[in-house]
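A.B. asks: Structure file start17.txt (compact mmCIF, C-alpha atoms) is given on the next line.
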```
# COMPACT_ATOMS: atom_id res chain seq x y z
CA MET H 20 57.91 -42.39 -20.30
CA ARG H 21 58.59 -40.38 -23.42
CA ILE H 22 61.18 -40.97 -26.08
CA ILE H 23 62.84 -37.78 -27.33
CA ASP H 24 64.94 -37.72 -30.49
CA ASP H 25 68.12 -35.90 -29.46
CA ARG H 26 68.83 -34.60 -32.93
CA THR H 27 65.40 -33.11 -33.61
CA GLY H 28 64.06 -32.55 -30.09
CA LEU H 29 60.84 -34.27 -31.16
CA GLU H 30 58.97 -36.83 -29.14
CA VAL H 31 58.95 -40.15 -30.97
CA LEU H 32 55.53 -41.79 -30.81
CA THR H 33 55.29 -45.50 -30.20
CA ARG H 34 53.60 -47.73 -32.74
CA ASP H 35 50.66 -48.13 -30.34
CA GLU H 36 50.25 -44.37 -30.05
CA CYS H 37 50.41 -44.04 -33.83
CA LEU H 38 47.73 -46.72 -34.22
CA ARG H 39 45.54 -45.01 -31.63
CA LEU H 40 45.84 -41.72 -33.52
CA LEU H 41 45.07 -43.47 -36.81
CA GLN H 42 42.03 -45.14 -35.27
CA THR H 43 40.63 -41.91 -33.82
CA HIS H 44 40.96 -39.71 -36.90
CA HIS H 45 39.34 -39.98 -40.29
CA ILE H 46 40.98 -37.55 -42.71
CA GLY H 47 44.45 -38.24 -44.06
CA ARG H 48 46.56 -37.57 -47.12
CA VAL H 49 47.82 -40.15 -49.55
CA GLY H 50 51.11 -39.64 -51.34
CA VAL H 51 51.93 -41.61 -54.44
CA VAL H 52 54.44 -41.32 -57.22
CA ALA H 53 52.73 -40.92 -60.58
CA ALA H 54 54.90 -40.49 -63.68
CA HIS H 55 57.91 -39.86 -61.44
CA ARG H 56 56.09 -37.00 -59.72
CA PRO H 57 54.79 -36.90 -56.18
CA LEU H 58 51.05 -36.50 -55.82
CA ILE H 59 49.15 -35.78 -52.61
CA PHE H 60 45.42 -36.00 -52.13
CA PRO H 61 43.19 -35.93 -49.05
CA VAL H 62 40.96 -38.89 -48.26
CA ASN H 63 38.55 -40.02 -45.62
CA TYR H 64 39.88 -43.31 -44.33
CA VAL H 65 39.14 -46.04 -41.85
CA VAL H 66 41.43 -48.48 -40.06
CA ASP H 67 40.52 -52.10 -40.82
CA GLY H 68 42.60 -54.50 -38.77
CA ASP H 69 46.13 -53.28 -39.26
CA THR H 70 45.44 -51.66 -42.63
CA ILE H 71 44.25 -48.26 -43.89
CA VAL H 72 41.28 -48.29 -46.24
CA PHE H 73 39.85 -45.51 -48.39
CA ARG H 74 37.69 -45.11 -51.47
CA THR H 75 38.53 -43.38 -54.68
CA ASP H 76 37.31 -42.83 -58.21
CA GLU H 77 40.79 -43.26 -59.54
CA GLY H 78 41.23 -46.90 -58.62
CA MET H 79 43.42 -48.77 -61.04
CA LYS H 80 44.70 -45.58 -62.54
CA LEU H 81 46.62 -44.72 -59.41
CA PHE H 82 47.17 -48.00 -57.68
CA GLY H 83 46.94 -50.79 -60.21
CA SER H 84 45.97 -54.24 -59.11
CA THR H 85 49.29 -56.01 -59.13
CA GLU H 86 50.08 -58.38 -56.32
CA SER H 87 52.92 -56.21 -55.08
CA GLY H 88 50.97 -52.97 -55.13
CA TYR H 89 52.26 -49.43 -55.23
CA VAL H 90 54.38 -47.90 -52.53
CA THR H 91 52.49 -45.10 -50.87
CA ALA H 92 52.84 -42.71 -48.02
CA PHE H 93 49.85 -41.98 -45.85
CA GLU H 94 49.91 -39.09 -43.42
CA ILE H 95 47.71 -37.65 -40.70
CA ASP H 96 48.51 -34.71 -38.51
CA GLY H 97 46.97 -32.44 -35.97
CA THR H 98 47.77 -29.32 -34.05
CA ASP H 99 46.71 -27.81 -30.78
CA PRO H 100 47.16 -24.05 -31.18
CA VAL H 101 46.53 -23.42 -27.48
CA TYR H 102 49.39 -25.62 -26.35
CA GLN H 103 51.48 -24.97 -29.47
CA ALA H 104 51.68 -28.71 -29.87
CA GLY H 105 51.46 -30.75 -33.03
CA TRP H 106 51.87 -34.31 -34.14
CA SER H 107 52.08 -36.32 -37.31
CA VAL H 108 51.90 -39.99 -38.16
CA VAL H 109 53.28 -41.35 -41.42
CA VAL H 110 52.56 -44.80 -42.77
CA ASN H 111 54.59 -46.27 -45.59
CA GLY H 112 53.30 -49.32 -47.30
CA ARG H 113 51.91 -50.88 -50.40
CA ALA H 114 48.49 -49.91 -51.69
CA ARG H 115 46.36 -52.44 -53.46
CA GLU H 116 42.94 -52.10 -54.91
CA VAL H 117 40.48 -54.41 -53.19
CA VAL H 118 38.78 -56.58 -55.80
CA ASN H 119 37.51 -59.51 -53.74
CA PRO H 120 33.69 -59.12 -53.55
CA GLN H 121 33.47 -60.54 -50.02
CA GLU H 122 36.11 -58.12 -48.85
CA ILE H 123 34.20 -55.25 -50.47
CA VAL H 124 31.00 -56.31 -48.66
CA HIS H 125 32.96 -56.23 -45.40
CA LEU H 126 34.46 -52.81 -46.17
CA SER H 127 31.06 -51.40 -47.15
CA LYS H 128 29.92 -51.90 -43.55
CA LEU H 129 32.74 -49.82 -42.10
CA PRO H 130 32.06 -46.20 -41.08
CA LEU H 131 33.76 -44.69 -44.11
CA ARG H 132 32.55 -41.72 -46.06
CA PRO H 133 34.41 -40.72 -49.20
CA TRP H 134 36.10 -37.32 -49.06
CA ALA H 135 34.44 -36.14 -52.24
CA PRO H 136 31.18 -36.93 -54.02
CA GLY H 137 31.13 -39.24 -57.03
CA GLU H 138 30.78 -42.95 -57.36
CA LYS H 139 34.03 -43.83 -55.57
CA THR H 140 33.64 -47.41 -56.63
CA HIS H 141 37.24 -48.35 -55.95
CA TRP H 142 38.46 -49.45 -52.56
CA VAL H 143 42.14 -49.18 -51.80
CA ARG H 144 43.90 -50.84 -48.90
CA ILE H 145 47.31 -49.78 -47.62
CA ARG H 146 49.18 -52.45 -45.72
CA PRO H 147 51.69 -50.62 -43.51
CA ASN H 148 55.31 -51.46 -43.83
CA THR H 149 56.44 -48.80 -41.39
CA ILE H 150 54.43 -46.54 -39.08
CA THR H 151 56.23 -43.59 -37.56
CA GLY H 152 54.97 -40.69 -35.53
CA ARG H 153 56.32 -37.65 -33.80
CA ARG H 154 54.96 -35.07 -31.45
CA ILE H 155 56.15 -31.51 -31.30
CA ILE H 156 56.04 -29.95 -27.89
CA THR H 157 56.18 -26.39 -29.16
CA LEU H 158 55.45 -25.15 -32.64
CA GLY H 159 57.14 -21.82 -31.91
CA MET K 9 30.06 -18.19 -61.05
CA ARG K 10 31.32 -21.61 -60.12
CA ILE K 11 33.02 -24.19 -62.28
CA ILE K 12 31.88 -27.75 -61.61
CA ASP K 13 33.79 -30.76 -62.92
CA ASP K 14 31.10 -32.94 -64.52
CA ARG K 15 33.02 -36.16 -63.94
CA THR K 16 33.76 -35.67 -60.25
CA GLY K 17 31.01 -33.25 -59.21
CA LEU K 18 33.67 -31.12 -57.54
CA GLU K 19 33.91 -27.38 -57.75
CA VAL K 20 37.13 -26.40 -59.50
CA LEU K 21 38.83 -23.50 -57.74
CA THR K 22 40.35 -20.72 -59.79
CA ARG K 23 44.05 -19.97 -59.47
CA ASP K 24 43.15 -16.76 -57.60
CA GLU K 25 41.07 -18.69 -55.08
CA CYS K 26 43.89 -21.21 -54.63
CA LEU K 27 46.36 -18.37 -54.01
CA ARG K 28 44.00 -16.75 -51.52
CA LEU K 29 43.70 -20.05 -49.63
CA LEU K 30 47.48 -20.50 -49.70
CA GLN K 31 47.96 -16.97 -48.40
CA THR K 32 45.51 -17.36 -45.54
CA HIS K 33 46.73 -20.70 -44.19
CA HIS K 34 50.05 -21.67 -42.71
CA ILE K 35 50.24 -25.44 -42.35
CA GLY K 36 50.73 -27.64 -45.40
CA ARG K 37 52.22 -30.95 -46.38
CA VAL K 38 55.17 -31.45 -48.66
CA GLY K 39 55.41 -34.55 -50.81
CA VAL K 40 58.72 -35.58 -52.31
CA VAL K 41 60.09 -38.71 -53.88
CA ALA K 42 63.06 -40.02 -51.92
CA ALA K 43 64.71 -43.24 -53.07
CA HIS K 44 61.74 -43.90 -55.36
CA ARG K 45 59.36 -43.70 -52.40
CA PRO K 46 56.82 -41.02 -51.66
CA LEU K 47 57.38 -39.08 -48.48
CA ILE K 48 54.95 -36.64 -46.84
CA PHE K 49 55.73 -34.26 -44.02
CA PRO K 50 53.86 -31.33 -42.51
CA VAL K 51 55.41 -27.86 -42.55
CA ASN K 52 54.56 -24.36 -41.54
CA TYR K 53 54.88 -22.27 -44.67
CA VAL K 54 54.53 -18.75 -45.94
CA VAL K 55 53.73 -17.40 -49.39
CA ASP K 56 56.50 -15.14 -50.71
CA GLY K 57 55.54 -13.55 -54.00
CA ASP K 58 54.29 -16.45 -56.08
CA THR K 59 56.33 -19.06 -54.22
CA ILE K 60 55.89 -21.26 -51.13
CA VAL K 61 58.65 -21.06 -48.52
CA PHE K 62 59.31 -23.29 -45.52
CA ARG K 63 62.18 -24.20 -43.23
CA THR K 64 63.61 -27.60 -42.57
CA ASP K 65 66.49 -29.36 -40.89
CA GLU K 66 66.81 -31.69 -43.81
CA GLY K 67 67.83 -29.14 -46.41
CA MET K 68 70.16 -30.55 -49.00
CA LYS K 69 69.33 -34.08 -48.01
CA LEU K 70 65.83 -33.79 -49.40
CA PHE K 71 65.99 -31.02 -51.92
CA GLY K 72 69.55 -30.62 -53.12
CA SER K 73 70.74 -27.33 -54.45
CA THR K 74 70.77 -27.98 -58.15
CA GLU K 75 69.55 -25.32 -60.47
CA SER K 76 66.65 -27.42 -61.62
CA GLY K 77 65.51 -28.44 -58.16
CA TYR K 78 63.38 -31.37 -57.10
CA VAL K 79 59.81 -31.87 -58.18
CA THR K 80 57.53 -31.64 -55.18
CA ALA K 81 53.88 -31.63 -54.34
CA PHE K 82 52.59 -29.22 -51.74
CA GLU K 83 49.10 -29.62 -50.35
CA ILE K 84 46.80 -27.74 -48.00
CA ASP K 85 43.27 -28.70 -47.15
CA GLY K 86 40.48 -27.79 -44.84
CA THR K 87 37.05 -28.99 -43.83
CA ASP K 88 33.96 -27.45 -42.44
CA PRO K 89 32.17 -30.23 -40.54
CA VAL K 90 29.05 -28.12 -40.04
CA TYR K 91 28.47 -27.62 -43.75
CA GLN K 92 30.05 -30.94 -44.72
CA ALA K 93 32.31 -28.99 -47.03
CA GLY K 94 35.97 -29.47 -47.73
CA TRP K 95 38.59 -28.15 -50.05
CA SER K 96 42.14 -28.86 -51.07
CA VAL K 97 44.81 -27.02 -53.00
CA VAL K 98 47.75 -28.84 -54.58
CA VAL K 99 50.85 -27.11 -55.89
CA ASN K 100 53.31 -28.93 -58.08
CA GLY K 101 56.66 -27.36 -58.67
CA ARG K 102 60.36 -27.49 -58.15
CA ALA K 103 61.84 -27.05 -54.72
CA ARG K 104 65.21 -25.42 -54.30
CA GLU K 105 67.13 -24.69 -51.21
CA VAL K 106 67.65 -20.95 -50.77
CA VAL K 107 71.36 -20.27 -50.42
CA ASN K 108 71.61 -16.58 -51.34
CA PRO K 109 72.34 -14.69 -48.06
CA GLN K 110 70.32 -11.63 -49.07
CA GLU K 111 67.37 -13.82 -49.89
CA ILE K 112 67.68 -15.53 -46.51
CA VAL K 113 67.69 -12.14 -44.75
CA HIS K 114 64.48 -11.31 -46.61
CA LEU K 115 62.88 -14.65 -45.73
CA SER K 116 63.88 -14.30 -42.07
CA LYS K 117 61.57 -11.29 -41.82
CA LEU K 118 58.52 -13.20 -43.00
CA PRO K 119 55.99 -14.49 -40.44
CA LEU K 120 57.16 -18.07 -40.60
CA ARG K 121 57.51 -20.43 -37.68
CA PRO K 122 58.99 -23.84 -38.26
CA TRP K 123 56.61 -26.75 -37.63
CA ALA K 124 59.02 -28.46 -35.28
CA PRO K 125 61.77 -27.29 -32.97
CA GLY K 126 65.41 -27.63 -33.98
CA GLU K 127 67.74 -25.36 -35.83
CA LYS K 128 65.85 -25.47 -39.14
CA THR K 129 68.69 -23.69 -40.82
CA HIS K 130 67.61 -24.59 -44.32
CA TRP K 131 65.12 -22.57 -46.29
CA VAL K 132 63.33 -24.23 -49.16
CA ARG K 133 61.37 -22.44 -51.85
CA ILE K 134 58.83 -24.13 -54.10
CA ARG K 135 58.18 -22.34 -57.37
CA PRO K 136 54.74 -23.51 -58.53
CA ASN K 137 54.42 -25.09 -61.89
CA THR K 138 50.76 -25.88 -61.48
CA ILE K 139 48.28 -24.88 -58.80
CA THR K 140 44.99 -26.74 -58.65
CA GLY K 141 42.20 -26.66 -56.15
CA ARG K 142 38.83 -28.21 -55.61
CA ARG K 143 35.97 -27.72 -53.26
CA ILE K 144 33.64 -30.46 -52.14
CA ILE K 145 30.11 -29.36 -51.52
CA THR K 146 29.24 -32.33 -49.37
CA LEU K 147 31.57 -34.75 -47.70
CA GLY K 148 28.77 -37.24 -47.14
```
Could you write out this structure as structure tokens?
C.D. replies:
Amino acid sequence: MRIIDDRTGLEVLTRDECLRLLQTHHIGRVGVVAAHRPLIFPVNYVVDGDTIVFRTDEGMKLFGSTESGYVTAFEIDGTDPVYQAGWSVVVNGRAREVVNPQEIVHLSKLPLRPWAPGEKTHWVRIRPNTITGRRIITLG
Amino acid sequence: MRIIDDRTGLEVLTRDECLRLLQTHHIGRVGVVAAHRPLIFPVNYVVDGDTIVFRTDEGMKLFGSTESGYVTAFEIDGTDPVYQAGWSVVVNGRAREVVNPQEIVHLSKLPLRPWAPGEKTHWVRIRPNTITGRRIITLG
């Protein structure tokens, strides 16, 4: 059974499908608001439980360490040129830098490579508030 | 000659290289701030002169039609798994909905397919303020 959005003609992905896509991919883009401006950067990520985890050099600078965290968007997408099909999954949630040493030990064991070289000493965890996905049957 | 950022170890792409990458790709992600929250969505785009153009159903809702326009981020990226190389280009600039009929006629002739089905009656143009790019020699 597929759910089609009448207004857009897009297939609406279930939360389970979105999670499956998140679990089987490893490059996404993080969107944050810095100085009232949107910023997008690619990251390698891993799903840990029901959260998204990635490493960055920026750490505090971008995400702070407040209890509430920063609201972020996290997006993955893919296309299949042969079938003219595409999909995207967008997570909205709060990002927090991971500072608990035990948690960092746990995260260090996950199959996560940073996108770029450098020390990447900061771990950031996004706890999803909403997860939405859509599939496009034809890109044409 | 390559420019390497000492802090990050990343190759800094020249504006010309960024433009060449923008001109030779056609799927990007737009980041906007809506209700103080970052939002990311994939689009098919085309380069028109020194601007980025895409179509959307959302139109006014996201980008308004004010003279000043909305500040957006626009990102493209790519990876080469074989060489463990990756790159990304980020454009920051103001997005304005195109409302001039002559301009729309011109844009209609460009090789631009909307990402998703639907009427996509709104054309949005991003005029870059800054264009930055970086290349990662190894993703590992």
A.B. asks: Tell me, as a PyMOL selection string, which residues lie within 9 Å of Arg10 in chain K, counting only C-alpha atoms; anything in the same chain fewer than 6 positions away does not count.
C.D. replies: chain K and resi 19-21
A.B. asks: Need to verify the contact set: range 88-96 of chain H, 10 Å, only C-alpha atoms, exclusion of same-chain residues closer than 6 positions in sequence. Can you return it as a ChimeraX atom specification?
C.D. replies: /H:37,40-41,44-52,59-62,71,81-82,105-116,144-154 /K:37,39,44-50
A.B. asks: Just how far from CA of Val66 in chain H is CA of Pro130 in chain H, in Å to one decimal?
C.D. replies: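 Distance reported for this atom pair: 9.7 Å.
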A.B. asks: Rank nothing, just name the residue among H:Val117, H:Ile123, H:Ala104, H:Val65 nearest to chain K, using only C-alpha atoms.
C.D. replies: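 Result for the nearest residue to chain K: H:Ala104.
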A.B. asks: From the list K:Thr87, K:Asn52, K:Thr16, K:Thr32, which residue is nearest chain H when using all atoms listed in the file?
C.D. replies: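 Result for the nearest residue to chain H: K:Thr16.
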A.B. asks: For the atom pair CA of Arg74 in chain H and CA of Trp142 in chain H, what is the interatomic distance in Å to one decimal place?
C.D. replies: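 Atom-to-atom, CA of Arg74 in chain H and CA of Trp142 in chain H are spaced 4.5 Å apart.
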A.B. asks: Rank K:Gln31, K:Thr22, K:Thr59, K:Thr64 by their smallest atom-to-atom distance to chain H, using all atoms listed in the file, and report the top residue only.
C.D. replies: K:Thr64
A.B. asks: If I take CA of Gly57 in chain K and CA of Ile155 in chain H, how far is one from the other in Å, to one decimal?
C.D. replies: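 Computed distance, CA of Gly57 in chain K to CA of Ile155 in chain H, equals 29.0 Å.
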